[in-house]
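File shown: entry_0.txt. Contents: compact mmCIF, C-alpha atoms.
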```txt
# COMPACT_ATOMS: atom_id res chain seq x y z
CA MET Z 233 115.54 48.69 127.15
CA ALA Z 234 117.27 45.61 125.77
CA THR Z 235 115.25 42.70 124.40
CA PRO Z 236 116.69 39.15 124.34
CA ALA Z 237 117.13 38.46 120.63
CA GLY Z 238 119.14 35.24 120.28
CA ARG Z 239 122.04 33.05 121.33
CA ILE Z 240 125.58 32.52 120.01
CA ASN Z 241 125.69 28.78 119.25
CA LYS Z 242 128.86 27.62 117.54
CA LEU Z 243 131.88 28.61 115.54
CA PHE Z 244 131.64 29.03 111.78
CA GLY Z 245 134.88 28.72 109.84
CA THR Z 246 138.30 29.63 111.20
CA ALA Z 247 138.25 33.45 111.11
CA GLY Z 248 136.17 34.03 114.24
CA SER Z 249 132.70 33.87 112.69
CA VAL Z 250 129.87 32.37 114.71
CA MET Z 251 126.43 30.84 114.11
CA LEU Z 252 123.53 32.59 115.81
CA SER Z 253 120.09 31.29 116.77
CA LEU Z 254 117.60 34.13 116.44
CA TYR Z 255 114.57 34.40 118.71
CA ASP Z 256 111.18 35.53 117.41
CA ALA Z 257 111.90 38.96 118.93
CA PHE Z 258 114.85 39.49 116.57
CA PRO Z 259 113.89 42.41 114.30
CA ASP Z 260 113.47 41.73 110.58
CA ASP Z 261 114.94 45.15 109.79
CA PHE Z 262 118.11 44.69 111.88
CA ASP Z 263 120.88 46.99 110.63
CA PRO Z 264 124.28 45.75 111.90
CA ALA Z 265 125.92 49.07 111.02
CA GLN Z 266 123.59 50.96 113.38
CA THR Z 267 122.93 48.53 116.24
CA PRO Z 268 125.29 46.25 118.16
CA LEU Z 269 124.39 42.91 119.70
CA MET Z 270 124.74 43.27 123.49
CA VAL Z 271 126.14 40.44 125.63
CA SER Z 272 126.98 40.22 129.32
CA ILE Z 273 130.55 39.21 130.08
CA ASP Z 274 131.59 39.05 133.74
CA GLY Z 275 128.54 41.16 134.66
CA LEU Z 276 129.34 43.92 132.17
CA ASP Z 277 127.30 44.78 129.08
CA VAL Z 278 129.54 44.52 126.02
CA PRO Z 279 128.48 45.69 122.54
CA LEU Z 280 129.40 43.40 119.66
CA TRP Z 281 129.52 45.29 116.36
CA CYS Z 282 128.97 43.04 113.35
CA GLU Z 283 131.49 43.32 110.53
CA ARG Z 284 129.50 40.67 108.71
CA PHE Z 285 125.91 39.55 109.27
CA GLU Z 286 124.10 37.08 107.01
CA ARG Z 287 120.65 35.68 107.72
CA ARG Z 288 120.36 31.92 107.33
CA GLY Z 289 116.67 31.17 107.15
CA GLN Z 290 114.15 32.61 109.58
CA ALA Z 291 115.88 31.64 112.84
CA GLY Z 292 119.58 31.63 112.04
CA ALA Z 293 122.46 33.87 111.01
CA VAL Z 294 126.23 33.94 110.61
CA ALA Z 295 128.07 36.86 112.16
CA ALA Z 296 131.62 38.12 112.42
CA PHE Z 297 132.41 40.77 115.01
CA ALA Z 298 134.88 43.63 114.96
CA ASP Z 299 137.98 42.87 117.07
CA LEU Z 300 137.19 39.14 117.21
CA ASP Z 301 139.17 37.78 114.30
CA THR Z 302 140.35 34.44 115.70
CA GLU Z 303 138.61 31.21 116.51
CA ARG Z 304 139.96 31.30 120.08
CA ARG Z 305 138.49 34.74 120.82
CA ALA Z 306 135.14 33.80 119.31
CA GLU Z 307 134.98 30.66 121.50
CA GLU Z 308 134.57 32.92 124.56
CA LEU Z 309 131.16 34.00 123.21
CA LEU Z 310 129.71 30.53 122.68
CA GLY Z 311 126.50 29.95 124.63
CA LEU Z 312 125.95 33.61 125.42
CA GLU Z 313 122.53 35.15 124.92
CA PHE Z 314 122.55 38.49 123.13
CA ARG Z 315 120.14 41.42 123.31
CA ILE Z 316 119.29 44.29 121.03
CA GLU Z 317 118.80 47.76 122.47
CA GLU Z 318 115.55 49.35 121.39
CA PRO Z 319 116.00 52.90 120.13
CA ALA Z 320 115.07 55.62 122.60
CA ASP Z 321 112.25 56.88 120.39
CA ALA Z 322 110.61 53.46 120.08
CA ASP Z 323 107.73 54.46 122.33
CA ASP Z 324 105.96 56.98 120.11
CA ASP Z 325 102.77 56.77 122.19
CA GLU Z 326 104.30 58.55 125.18
CA PHE Z 327 103.37 62.17 125.75
CA TYR Z 328 103.00 64.61 128.62
CA LEU Z 329 99.68 66.21 129.54
CA GLU Z 330 101.18 69.67 129.15
CA ASP Z 331 101.74 68.77 125.47
CA LEU Z 332 97.96 69.20 125.05
CA ILE Z 333 98.06 72.95 125.82
CA GLY Z 334 96.71 74.82 122.81
CA PHE Z 335 94.61 71.91 121.54
CA ALA Z 336 91.00 72.62 120.55
CA THR Z 337 88.48 70.93 122.84
CA GLU Z 338 85.05 69.46 122.44
CA VAL Z 339 83.34 68.99 125.80
CA GLU Z 340 80.10 67.20 126.58
CA GLU Z 341 78.47 66.20 129.84
CA ALA Z 342 76.92 62.79 130.37
CA GLY Z 343 73.19 63.08 129.88
CA ASP Z 344 73.47 66.32 127.85
CA ALA Z 345 73.41 66.25 124.04
CA GLU Z 346 74.95 69.75 123.77
CA LYS Z 347 78.66 69.93 122.98
CA HIS Z 348 80.83 72.91 123.91
CA ALA Z 349 83.86 73.93 121.82
CA GLY Z 350 86.85 75.57 123.42
CA THR Z 351 90.60 75.51 123.89
CA LEU Z 352 92.82 73.77 126.41
CA THR Z 353 94.73 76.80 127.72
CA ASP Z 354 96.76 75.41 130.64
CA TYR Z 355 97.70 72.37 132.71
CA TYR Z 356 98.24 72.49 136.47
CA ASP Z 357 100.40 69.61 137.61
CA SER Z 358 99.66 68.31 141.09
CA ASP Z 359 100.10 64.86 142.63
CA THR Z 360 96.71 65.06 144.32
CA ASN Z 361 94.59 66.94 141.76
CA PRO Z 362 96.05 67.69 138.31
CA LEU Z 363 93.80 70.05 136.34
CA PHE Z 364 93.25 71.20 132.79
CA GLU Z 365 92.21 74.80 132.25
CA LEU Z 366 89.74 75.10 129.39
CA GLU Z 367 88.40 78.26 127.84
CA ILE Z 368 84.82 77.73 126.71
CA ASP Z 369 82.57 80.59 125.55
CA GLY Z 370 84.98 83.14 127.03
CA ARG Z 371 84.93 81.50 130.47
CA ARG Z 372 87.70 79.68 132.28
CA VAL Z 373 86.76 76.16 133.42
CA LEU Z 374 88.93 73.79 135.45
CA VAL Z 375 88.55 70.08 134.68
CA PRO Z 376 90.32 67.22 136.48
CA ALA Z 377 93.09 65.87 134.24
CA VAL Z 378 92.12 62.22 134.54
CA GLU Z 379 92.05 59.53 131.90
CA GLU Z 380 88.37 58.73 132.57
CA PHE Z 381 87.27 62.15 131.25
CA ILE Z 382 89.32 62.06 128.02
CA ALA Z 383 87.31 60.27 125.33
CA HIS Z 384 89.73 60.86 122.45
CA ILE Z 385 92.92 62.75 121.58
CA ASP Z 386 93.65 63.57 117.93
CA PHE Z 387 97.31 64.60 117.80
CA GLU Z 388 97.29 65.35 114.08
CA GLY Z 389 94.16 67.49 114.30
CA ARG Z 390 95.25 68.89 117.69
CA THR Z 391 91.88 68.24 119.36
CA VAL Z 392 90.79 66.65 122.65
CA HIS Z 393 87.29 65.30 123.21
CA PHE Z 394 86.15 65.29 126.85
CA VAL Z 395 83.12 63.49 128.30
CA LEU Z 396 82.47 64.83 131.81
CA PRO Z 397 80.11 63.61 134.54
CA GLU Z 398 76.81 65.47 134.74
CA GLY Z 399 77.08 68.73 136.70
CA LEU Z 400 80.86 69.13 136.42
CA LEU Z 401 80.69 71.66 133.61
CA THR Z 402 78.79 74.78 134.70
CA LEU Z 403 78.79 77.54 132.10
CA GLU Z 404 75.70 79.49 133.22
```

This structure in structure tokens:
Amino acid sequence: MATPAGRINKLFGTAGSVMLSLYDAFPDDFDPAQTPLMVSIDGLDVPLWCERFERRGQAGAVAAFADLDTERRAEELLGLEFRIEEPADADDDEFYLEDLIGFATEVEEAGDAEKHAGTLTDYYDSDTNPLFELEIDGRRVLVPAVEEFIAHIDFEGRTVHFVLPEGLLTLE
């Protein structure tokens, strides 16, 4: 996904450099060697690779782009808003429920102080009723795979804490 990051305002010098206005969304750790500035020209997304990029205060910068070495070519960019593509792995919070297979579980029912330890052994994907299979005390238990029943997931410790409605967990 591309985030609007600034606008190309005016020419700077005679070698095709331009002045940029940077929006608040412009990243402080921008690396011009790794990430291009994206602009739309005639409905097409065009990457602009910076040969030179110098911050000028908090909201400004001077840039020179590869293949744009004349004032006339740089004029075509004036007024354009540019975006920065977020890296594909930017959303570290995303995971799939099947990624929880093998996690240790701690299960408690509402109204019951006793906690049951087990293992999440399988995940059954279904649009109408996705289920987790838990093994608790040597028994197989199916639990609806819904957000309301998951109290906490510890990815580093590989544990899932479930809080289930009273009567859902029957181990007798």

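The shortest atom-to-atom distance to Cys282 (chain Z), with all atoms listed in the file taken into account, belongs to Z:Gly248 out of Z:Arg305, Z:Gly248, Z:Thr351, Z:Phe258.
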
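For the choices Z:Thr391, Z:Thr267, Z:Thr246, Z:Thr360, the atom-to-atom distance to Glu307 (chain Z) is smallest for Z:Thr246 when using only C-alpha atoms.
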
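The space between CA of Val294 (chain Z) and CA of Pro236 (chain Z) spans 17.5 Å.
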
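Distance-wise, CA of Phe381 (chain Z) and CA of Thr337 (chain Z) end up 12.2 Å apart.
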
May I have the residues within 9 Å of Phe335 (chain Z) as an MDAnalysis selection string, using all atoms listed in the file and disregarding those fewer than 6 positions away in the same chain? chainID Z and resid 350:353 387 389:392

Separation of CA of Asp331 (chain Z) and CA of Asp344 (chain Z), in Å? 28.5 Å

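Near Pro397 (chain Z), within a cut-off of 9 Å and counting all atoms listed in the file, sit the residues Glu340, Glu341, Ala342, Gly343 and Phe381 of chain Z, with same-chain residues fewer than 6 positions away left out.
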
Only C-alpha atoms, please: the residues just picked out, written as a PDB file, in the coordinates of the input.
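Output file out_23.pdb is given in full below:
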```
ATOM      1  CA  GLU Z 340      80.100  67.200 126.580  1.00  0.00           C
ATOM      2  CA  GLU Z 341      78.470  66.200 129.840  1.00  0.00           C
ATOM      3  CA  ALA Z 342      76.920  62.790 130.370  1.00  0.00           C
ATOM      4  CA  GLY Z 343      73.190  63.080 129.880  1.00  0.00           C
ATOM      5  CA  PHE Z 381      87.270  62.150 131.250  1.00  0.00           C
TER       6      PHE Z 381
END
```

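Excluding Thr302 (chain Z) itself and same-chain residues fewer than 2 positions from it, the residues having an atom within 12 Å of it are Z:Leu243, Z:Phe244, Z:Gly245, Z:Thr246, Z:Ala247, Z:Gly248, Z:Ser249, Z:Val250, Z:Ala296, Z:Phe297, Z:Ala298, Z:Asp299, Z:Leu300, Z:Arg304, Z:Arg305, Z:Ala306, Z:Glu307, Z:Glu308, Z:Leu309, counting all atoms listed in the file.
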